[in-house]
file run-v6.txt (compact mmCIF, C-alpha atoms)
# COMPACT_ATOMS: atom_id res chain seq x y z
CA MET A 1 0.00 0.00 0.00
CA SER A 2 2.72 2.43 0.98
CA LYS A 3 4.69 1.60 -2.14
CA MET A 4 1.62 2.26 -4.23
CA ARG A 5 1.17 5.64 -2.63
CA PHE A 6 4.77 6.56 -3.36
CA TYR A 7 4.35 5.48 -6.95
CA LEU A 8 1.26 7.66 -7.33
CA ARG A 9 3.02 10.62 -5.78
CA GLU A 10 5.94 10.23 -8.15
CA ARG A 11 3.65 9.91 -11.13
CA LEU A 12 1.73 13.03 -10.11
CA ASP A 13 4.93 15.01 -9.82
CA THR A 14 6.04 13.87 -13.27
CA VAL A 15 2.75 14.90 -14.84
CA LYS A 16 2.88 18.27 -13.09
CA HIS A 17 6.40 18.80 -14.36
CA GLN A 18 5.42 17.98 -17.94
CA LEU A 19 2.39 20.26 -17.80
CA GLU A 20 4.45 23.13 -16.48
CA SER A 21 7.08 22.64 -19.19
CA GLN A 22 4.42 22.67 -21.90
CA LEU A 23 2.82 25.80 -20.49
CA GLN A 24 6.17 27.52 -20.44
CA TYR A 25 6.85 26.38 -23.97
CA GLY A 26 3.53 27.81 -25.12
CA ARG A 27 4.58 31.22 -23.76
CA GLY A 28 7.62 31.49 -26.04
CA ILE A 29 7.98 34.19 -28.66
CA LYS A 30 5.98 34.06 -31.90
CA THR A 31 7.14 32.35 -35.08
CA TRP A 32 7.93 35.47 -37.10
CA GLN A 33 9.94 36.79 -34.16
CA LYS A 34 11.91 33.55 -34.06
CA ILE A 35 12.61 33.85 -37.78
CA LEU A 36 13.73 37.45 -37.32
CA VAL A 37 16.11 36.62 -34.47
CA THR A 38 17.62 33.71 -36.39
CA PHE A 39 18.01 35.88 -39.50
CA LEU A 40 19.75 38.67 -37.58
CA VAL A 41 22.21 36.30 -35.92
CA LEU A 42 23.04 34.53 -39.19
CA TYR A 43 23.41 37.78 -41.14
CA VAL A 44 25.71 39.40 -38.60
CA PHE A 45 27.86 36.26 -38.64
CA TRP A 46 27.95 36.37 -42.46
CA ILE A 47 29.01 40.03 -42.51
CA ILE A 48 31.80 39.37 -40.02
CA LEU A 49 33.10 36.44 -42.05
CA LEU A 50 32.74 38.35 -45.33
CA GLY A 51 35.03 41.17 -44.24
CA SER A 52 34.04 43.62 -46.99
CA THR A 53 31.12 45.88 -47.87
CA ALA A 54 30.65 44.99 -51.57
CA LEU A 55 26.99 44.86 -52.53
CA PRO A 56 26.58 41.50 -54.38
CA PRO A 57 27.82 39.27 -51.51
CA LEU A 58 25.63 41.18 -49.06
CA VAL A 59 22.51 40.59 -51.18
CA LEU A 60 23.42 36.93 -51.71
CA GLY A 61 23.98 36.53 -47.96
CA ALA A 62 20.63 38.13 -47.18
CA GLY A 63 18.86 35.72 -49.54
CA ILE A 64 20.57 32.62 -48.16
CA CYS A 65 20.05 33.75 -44.54
CA THR A 66 16.34 34.26 -45.18
CA LEU A 67 16.05 30.78 -46.67
CA LEU A 68 18.00 29.21 -43.79
CA SER A 69 16.09 31.05 -41.09
CA PHE A 70 12.81 29.73 -42.46
CA PHE A 71 14.09 26.17 -42.04
CA THR A 72 16.03 26.40 -38.78
CA TYR A 73 14.22 29.01 -36.69
CA ASP A 74 13.24 26.56 -33.96
CA PHE A 75 16.72 25.28 -33.05
CA PHE A 76 18.11 28.11 -30.96
CA THR A 77 15.15 30.34 -30.20
CA LYS A 78 12.66 27.96 -28.60
CA ASP A 79 13.92 28.70 -25.08
CA ILE A 80 13.52 32.48 -25.27
CA ARG A 81 10.81 33.79 -22.98
CA VAL A 82 8.04 36.09 -24.10
CA GLY A 83 8.08 39.79 -23.17
CA GLU A 84 5.69 42.70 -23.45
CA ASN A 85 7.42 44.55 -26.26
CA PHE A 86 9.57 42.44 -28.55
CA PHE A 87 11.63 45.17 -30.24
CA SER A 88 12.46 47.13 -27.11
CA ARG A 89 13.54 43.88 -25.44
CA LEU A 90 15.72 43.00 -28.43
CA LEU A 91 17.40 46.42 -28.36
CA MET A 92 17.82 46.21 -24.57
CA PHE A 93 19.39 42.78 -24.99
CA VAL A 94 21.94 43.90 -27.56
CA PHE A 95 22.84 47.31 -26.10
CA VAL A 96 22.31 47.00 -22.34
CA TYR A 97 22.28 43.42 -21.06
CA ILE A 98 25.11 41.99 -23.15
CA PRO A 99 27.55 44.83 -22.28
CA GLU A 100 26.45 44.55 -18.64
CA LEU A 101 27.26 40.83 -18.58
CA ALA A 102 30.54 41.38 -20.44
CA PHE A 103 31.60 44.08 -17.98
CA ILE A 104 30.81 41.95 -14.92
CA PHE A 105 32.47 39.03 -16.57
CA LEU A 106 35.71 40.77 -17.43
CA PHE A 107 36.40 41.43 -13.76
CA ARG A 108 35.40 37.93 -12.72
CA ILE A 109 37.77 36.38 -15.29
CA ILE A 110 40.63 38.56 -14.04
CA GLU A 111 39.76 37.53 -10.47
CA ALA A 112 39.71 33.86 -11.54
CA ASN A 113 43.16 34.14 -13.10
CA VAL A 114 44.64 35.85 -10.05
CA ASN A 115 43.01 33.21 -7.86
CA VAL A 116 44.47 30.29 -9.84
CA ALA A 117 47.87 31.98 -9.83
CA ARG A 118 47.70 32.26 -6.04
CA HIS A 119 46.68 28.62 -5.70
CA VAL A 120 49.52 27.55 -8.02
CA ILE A 121 52.12 29.41 -6.01
CA LEU A 122 50.85 28.73 -2.48
CA MET A 123 49.08 25.34 -3.04
CA ASP A 124 46.48 26.21 -0.38
CA ILE A 125 43.77 24.12 -2.02
CA ASN A 126 40.82 22.45 -0.35
CA PRO A 127 38.94 20.76 -3.22
CA GLY A 128 35.56 19.07 -3.26
CA ILE A 129 32.57 18.33 -5.46
CA VAL A 130 29.37 20.02 -4.26
CA ARG A 131 25.86 20.07 -5.61
CA ILE A 132 23.92 23.27 -6.29
CA ASP A 133 20.31 23.67 -7.40
CA THR A 134 18.88 26.06 -9.92
CA THR A 135 15.31 26.67 -11.00
CA LEU A 136 16.22 27.25 -14.64
CA ARG A 137 14.79 24.56 -16.90
CA SER A 138 15.66 25.21 -20.52
CA GLN A 139 18.77 23.75 -22.12
CA THR A 140 20.11 27.08 -23.38
CA ALA A 141 19.90 28.68 -19.95
CA VAL A 142 21.51 25.74 -18.16
CA THR A 143 24.32 25.61 -20.72
CA ALA A 144 25.00 29.31 -20.28
CA LEU A 145 24.91 29.00 -16.48
CA ALA A 146 27.32 26.03 -16.52
CA ASN A 147 29.73 27.87 -18.82
CA ILE A 148 29.69 30.97 -16.67
CA ILE A 149 30.23 28.91 -13.51
CA THR A 150 33.24 27.26 -15.13
CA LEU A 151 34.81 30.63 -15.94
CA THR A 152 34.15 32.27 -12.56
CA PRO A 153 36.79 31.94 -9.84
CA GLY A 154 37.46 28.56 -8.30
CA THR A 155 34.62 26.49 -9.75
CA LEU A 156 34.28 23.96 -12.58
CA THR A 157 31.03 22.33 -13.67
CA LEU A 158 31.12 18.54 -13.79
CA ASP A 159 27.61 17.48 -14.70
CA VAL A 160 23.99 18.59 -14.95
CA LYS A 161 21.03 16.48 -13.84
CA GLU A 162 17.38 17.29 -14.22
CA THR A 163 15.32 17.43 -11.02
CA LEU A 164 11.71 18.27 -10.33
CA GLU A 165 12.35 21.89 -9.44
CA GLY A 166 14.74 22.58 -12.28
CA ASN A 167 18.28 21.34 -12.61
CA ALA A 168 21.06 20.26 -10.28
CA LEU A 169 24.65 21.14 -11.12
CA TYR A 170 27.62 19.24 -9.74
CA VAL A 171 30.46 21.66 -9.28
CA HIS A 172 34.11 20.98 -8.49
CA TRP A 173 35.14 23.69 -6.08
CA ILE A 174 38.83 24.23 -5.52
CA ASP A 175 38.41 25.89 -2.11
CA VAL A 176 35.29 24.54 -0.41
CA GLU A 177 33.75 27.09 1.96
CA THR A 178 30.46 25.41 2.85
CA LEU A 179 28.80 22.04 2.40
CA SER A 180 25.18 23.20 2.35
CA THR A 181 23.54 23.22 -1.08
CA GLU A 182 21.77 26.56 -0.67
CA GLU A 183 24.75 28.51 0.66
CA ALA A 184 27.01 27.03 -2.00
CA GLY A 185 24.46 28.06 -4.65
CA GLU A 186 24.40 31.60 -3.30
CA ILE A 187 28.17 31.87 -3.42
CA ILE A 188 28.76 30.13 -6.74
CA LYS A 189 25.87 31.41 -8.85
CA GLY A 190 25.86 35.01 -7.66
CA GLY A 191 23.49 37.04 -9.80
CA VAL A 192 23.89 35.09 -13.03
CA ASP A 193 20.78 33.03 -12.31
CA GLU A 194 18.59 36.12 -12.16
CA TRP A 195 20.24 37.61 -15.23
CA LEU A 196 19.44 34.51 -17.30
CA ARG A 197 15.86 34.29 -16.04
CA ARG A 198 15.00 37.54 -17.80
CA PHE A 199 15.23 35.83 -21.18
CA PHE A 200 15.03 32.06 -20.70
CA TRP A 201 12.80 29.84 -18.62
CA MET B 1 51.56 50.74 -24.73
CA ILE B 2 48.30 49.07 -23.72
CA GLU B 3 48.91 46.24 -26.16
CA TYR B 4 52.29 45.36 -24.65
CA ILE B 5 50.86 45.34 -21.14
CA SER B 6 48.08 43.10 -22.44
CA PHE B 7 50.54 40.72 -24.14
CA LEU B 8 52.68 40.55 -21.02
CA ALA B 9 49.71 39.85 -18.76
CA GLY B 10 48.46 37.14 -21.15
CA CYS B 11 51.85 35.42 -21.33
CA THR B 12 52.27 35.52 -17.53
CA VAL B 13 48.85 33.98 -17.01
CA MET B 14 49.55 31.28 -19.61
CA VAL B 15 52.88 30.36 -17.96
CA LEU B 16 51.24 30.20 -14.53
CA GLY B 17 48.53 27.96 -15.96
CA ALA B 18 51.15 25.61 -17.40
CA VAL B 19 52.95 25.47 -14.04
CA GLY B 20 49.60 24.76 -12.40
CA VAL B 21 48.96 21.83 -14.71
CA ILE B 22 52.21 20.30 -13.45
CA ARG B 23 51.89 21.18 -9.76
CA PHE B 24 48.24 20.38 -8.95
CA PRO B 25 47.55 16.88 -7.54
CA ASP B 26 44.70 15.45 -9.63
CA VAL B 27 42.90 15.81 -12.95
CA TYR B 28 40.09 18.08 -11.73
CA THR B 29 42.30 20.69 -10.11
CA ARG B 30 44.56 20.56 -13.16
CA LEU B 31 41.56 21.31 -15.34
CA HIS B 32 40.96 24.41 -13.22
CA ALA B 33 44.41 25.70 -14.10
CA ALA B 34 44.10 24.73 -17.77
CA THR B 35 40.64 26.23 -18.37
CA LYS B 36 40.84 29.53 -16.54
CA CYS B 37 44.38 30.44 -17.44
CA ASP B 38 43.96 29.49 -21.09
CA THR B 39 40.77 31.51 -21.43
CA GLY B 40 42.15 34.53 -19.60
CA GLY B 41 45.50 34.44 -21.39
CA ALA B 42 43.97 34.02 -24.85
CA ILE B 43 41.48 36.83 -24.23
CA SER B 44 44.25 39.12 -23.01
CA ILE B 45 46.50 38.41 -26.01
CA LEU B 46 43.66 38.78 -28.52
CA VAL B 47 42.60 42.09 -26.95
CA GLY B 48 46.18 43.25 -27.51
CA VAL B 49 45.94 42.16 -31.16
CA VAL B 50 42.67 44.08 -31.54
CA VAL B 51 44.27 47.21 -30.07
CA ILE B 52 47.18 46.95 -32.55
CA LEU B 53 44.89 46.42 -35.56
CA GLY B 54 42.51 49.23 -34.67
CA MET B 55 39.00 49.40 -36.10
CA SER B 56 38.93 47.13 -39.14
CA MET B 57 37.22 44.01 -40.45
CA THR B 58 40.18 41.88 -39.36
CA SER B 59 39.82 42.98 -35.76
CA LEU B 60 36.14 42.12 -35.99
CA LYS B 61 37.16 38.59 -36.98
CA VAL B 62 39.62 38.44 -34.09
CA MET B 63 36.77 39.41 -31.78
CA LEU B 64 34.73 36.54 -33.21
CA VAL B 65 37.58 34.16 -32.36
CA LEU B 66 37.63 35.63 -28.84
CA PHE B 67 33.91 35.00 -28.49
CA LEU B 68 34.29 31.38 -29.65
CA ILE B 69 37.15 30.72 -27.21
CA PHE B 70 34.99 32.18 -24.47
CA PHE B 71 32.24 29.66 -25.25
CA LEU B 72 34.12 26.52 -26.29
CA ASN B 73 36.80 26.37 -23.59
CA PRO B 74 34.36 25.72 -20.70
CA VAL B 75 32.52 23.13 -22.79
CA ALA B 76 35.74 21.21 -23.43
CA SER B 77 36.74 21.28 -19.76
CA HIS B 78 33.28 20.10 -18.72
CA ALA B 79 33.47 17.18 -21.16
CA LEU B 80 36.92 16.16 -19.89
CA ALA B 81 35.96 16.40 -16.20
CA ARG B 82 32.72 14.46 -16.65
CA ALA B 83 34.35 11.75 -18.76
CA SER B 84 37.16 11.23 -16.25
CA HIS B 85 34.71 11.02 -13.35
CA ARG B 86 32.59 8.48 -15.21
CA TYR B 87 35.67 6.48 -16.13
CA GLY B 88 36.37 6.12 -12.41
CA ILE B 89 39.28 8.44 -11.74
CA LYS B 90 39.04 9.35 -8.06
CA PRO B 91 39.71 12.86 -6.76
CA CYS B 92 42.92 13.21 -4.74
CA GLU B 93 43.16 12.42 -0.99
CA ILE B 94 42.79 15.97 0.29
CA THR B 95 39.35 16.25 -1.34
CA VAL B 96 36.79 17.29 1.28
CA VAL B 97 33.56 15.98 -0.23
CA ASP B 98 32.31 14.19 -3.35
CA MET B 99 28.56 14.58 -3.77
CA TYR B 100 28.53 13.47 -7.39
CA GLU B 101 27.33 9.89 -7.90
call {"tool": "encode", "arguments": {"input": "run-v6.txt", "output": "C-alpha cells"}}
result
Amino acid sequence: MSKMRFYLRERLDTVKHQLESQLQYGRGIKTWQKILVTFLVLYVFWIILLGSTALPPLVLGAGICTLLSFFTYDFFTKDIRVGENFFSRLLMFVFVYIPELAFIFLFRIIEANVNVARHVILMDINPGIVRIDTTLRSQTAVTALANIITLTPGTLTLDVKETLEGNALYVHWIDVETLSTEEAGEIIKGGVDEWLRRFFW
Amino acid sequence: MIEYISFLAGCTVMVLGAVGVIRFPDVYTRLHAATKCDTGGAISILVGVVVILGMSMTSLKVMLVLFLIFFLNPVASHALARASHRYGIKPCEITVVDMYE
C-alpha cells in the first residue's frame, strides 16, 4: 500500500512537471519573431566572415540567410521567454544586457586568473565536489549557467542532472567554503541566475 | 603601450597555468588551471591584437575568435571532467567531499 502511494506521488509530480514545461513552452515568442532573431544572428555572422562591404555578396547573404532562417528558426530560439514589447527587449538585450554581462564578466575572469595563480604558487587548495540547485529549466539557460560557472573563480562544472524543481549542477570547487547546497548556490551562482531568467525559462 | 601590457599579462597567465597543470595533484584541479588560465590568457592576447589592428574588419574577426574561445573552452573542460569522473578516476586524498554519484 505504501509503495503504491509513493508510486502515485511520483507519477503526479512527473505529470505536473510535464504540464508546467508545456505551459512555459507555449509562452515562447511568436514564429515570425523567431525567424527574425535567427536571421539577424546569421546575417551578422555572415558580414563578419565576409570582411568587406561589396553589394553582391551582401545581397546573396541576405537571400541565403532568409532561406535558412525559415528552415532552422526553432533550433536556438525555442527557449527564449516572451516579453511585453519584442523590439524594445531585443534592443535592450543587444545594447544594455550583453555589455552589462561582459563588464561583470571581465572582472570575474581577471579575479579567476589571479586566484588560480595564487593557488599555483601557495598550493592552499581544499577541493571538493558540491551540488547546487537552480530553477532554470531550458537547455540554453543551463548551458550558459554552466559555462559561466566554469569561468568564474574557483569552480568547474562537472555534470547537470534534471530534477523536479529545475536542474542540479555538480560543481568541483577548488576551495570549499560550505557544504550546504543553498549557501554554495548563493556563493557560486551570484546574480547570473537572475540575469538569465530575464530571457530564458 | 596598452597592447604590450596586455601581451605581457596574457603570457604571464599562460605560464602560470602551465605550471599549475604540473603542480596540482589530480585531474580536476589541473583542469581548473588549464581552463581559466587558457581563457584569460587568450582573451588578453587577442585584446592586444585588436588594439594593434585598430577598427577594421580583421579585428572584428579576431573578436569573433575571442567569443568562440569564451564559449568553447568551458565546454571542453566540462566534457573532460565528466568523462574522467565516469571512467572512475578518483579525486585526490585531500578532497573534502564528493557529492557526485
call {"tool": "atom_distance", "arguments": {"input": "run-v6.txt", "atom1": "CA of Met14 in chain B", "atom2": "CA of Gly41 in chain B"}}
result
5.4 Å
call {"tool": "atom_distance", "arguments": {"input": "run-v6.txt", "atom1": "CA of Thr163 in chain A", "atom2": "CA of Leu8 in chain A"}}
result
17.5 Å
call {"tool": "atom_distance", "arguments": {"input": "run-v6.txt", "atom1": "CA of Leu90 in chain A", "atom2": "CA of Gly166 in chain A"}}
result
26.1 Å
call {"tool": "closest_atom_pairs", "arguments": {"input": "run-v6.txt", "of": "chain A", "to": "chain B", "cutoff": "7 Å", "atoms": "all atoms listed in the file", "output": "tab-separated table"}}
result
residue	atom	partner	partner_atom	distance
A:Ile48	CA	B:Lys61	CA	6.2
A:Leu49	CA	B:Lys61	CA	6.8
A:Gly51	CA	B:Met57	CA	5.2
A:Ile109	CA	B:Gly40	CA	6.4
A:Ala112	CA	B:Lys36	CA	6.7
A:Asn113	CA	B:Cys37	CA	5.8
A:Val116	CA	B:Ala33	CA	6.3
A:Ala117	CA	B:Leu16	CA	6.1
A:Val120	CA	B:Gly20	CA	5.2
A:Asn126	CA	B:Thr95	CA	6.4
A:Pro127	CA	B:Thr95	CA	4.9
A:Gly128	CA	B:Val97	CA	4.8
A:Ile129	CA	B:Asp98	CA	4.7
A:Val130	CA	B:Met99	CA	5.5
A:Arg131	CA	B:Met99	CA	6.4
A:Asn147	CA	B:Pro74	CA	5.4
A:Thr150	CA	B:Pro74	CA	5.9
A:Leu151	CA	B:Lys36	CA	6.2
A:Leu156	CA	B:His32	CA	6.7
A:Thr157	CA	B:His78	CA	6.0
A:Leu158	CA	B:Arg82	CA	5.2
A:Asp159	CA	B:Arg82	CA	6.2
A:Tyr170	CA	B:Tyr100	CA	6.3
A:Ile174	CA	B:Thr29	CA	6.8
call {"tool": "closest_residue", "arguments": {"input": "run-v6.txt", "among": "A:Val15, A:Val37, A:Leu122, A:Ile188", "to": "Val94 in chain A", "atoms": "all atoms listed in the file"}}
result
A:Val37
call {"tool": "closest_residue", "arguments": {"input": "run-v6.txt", "among": "B:Val51, B:Leu46, B:Val27, B:Val65", "to": "Ile89 in chain B", "atoms": "all atoms listed in the file"}}
result
B:Val27
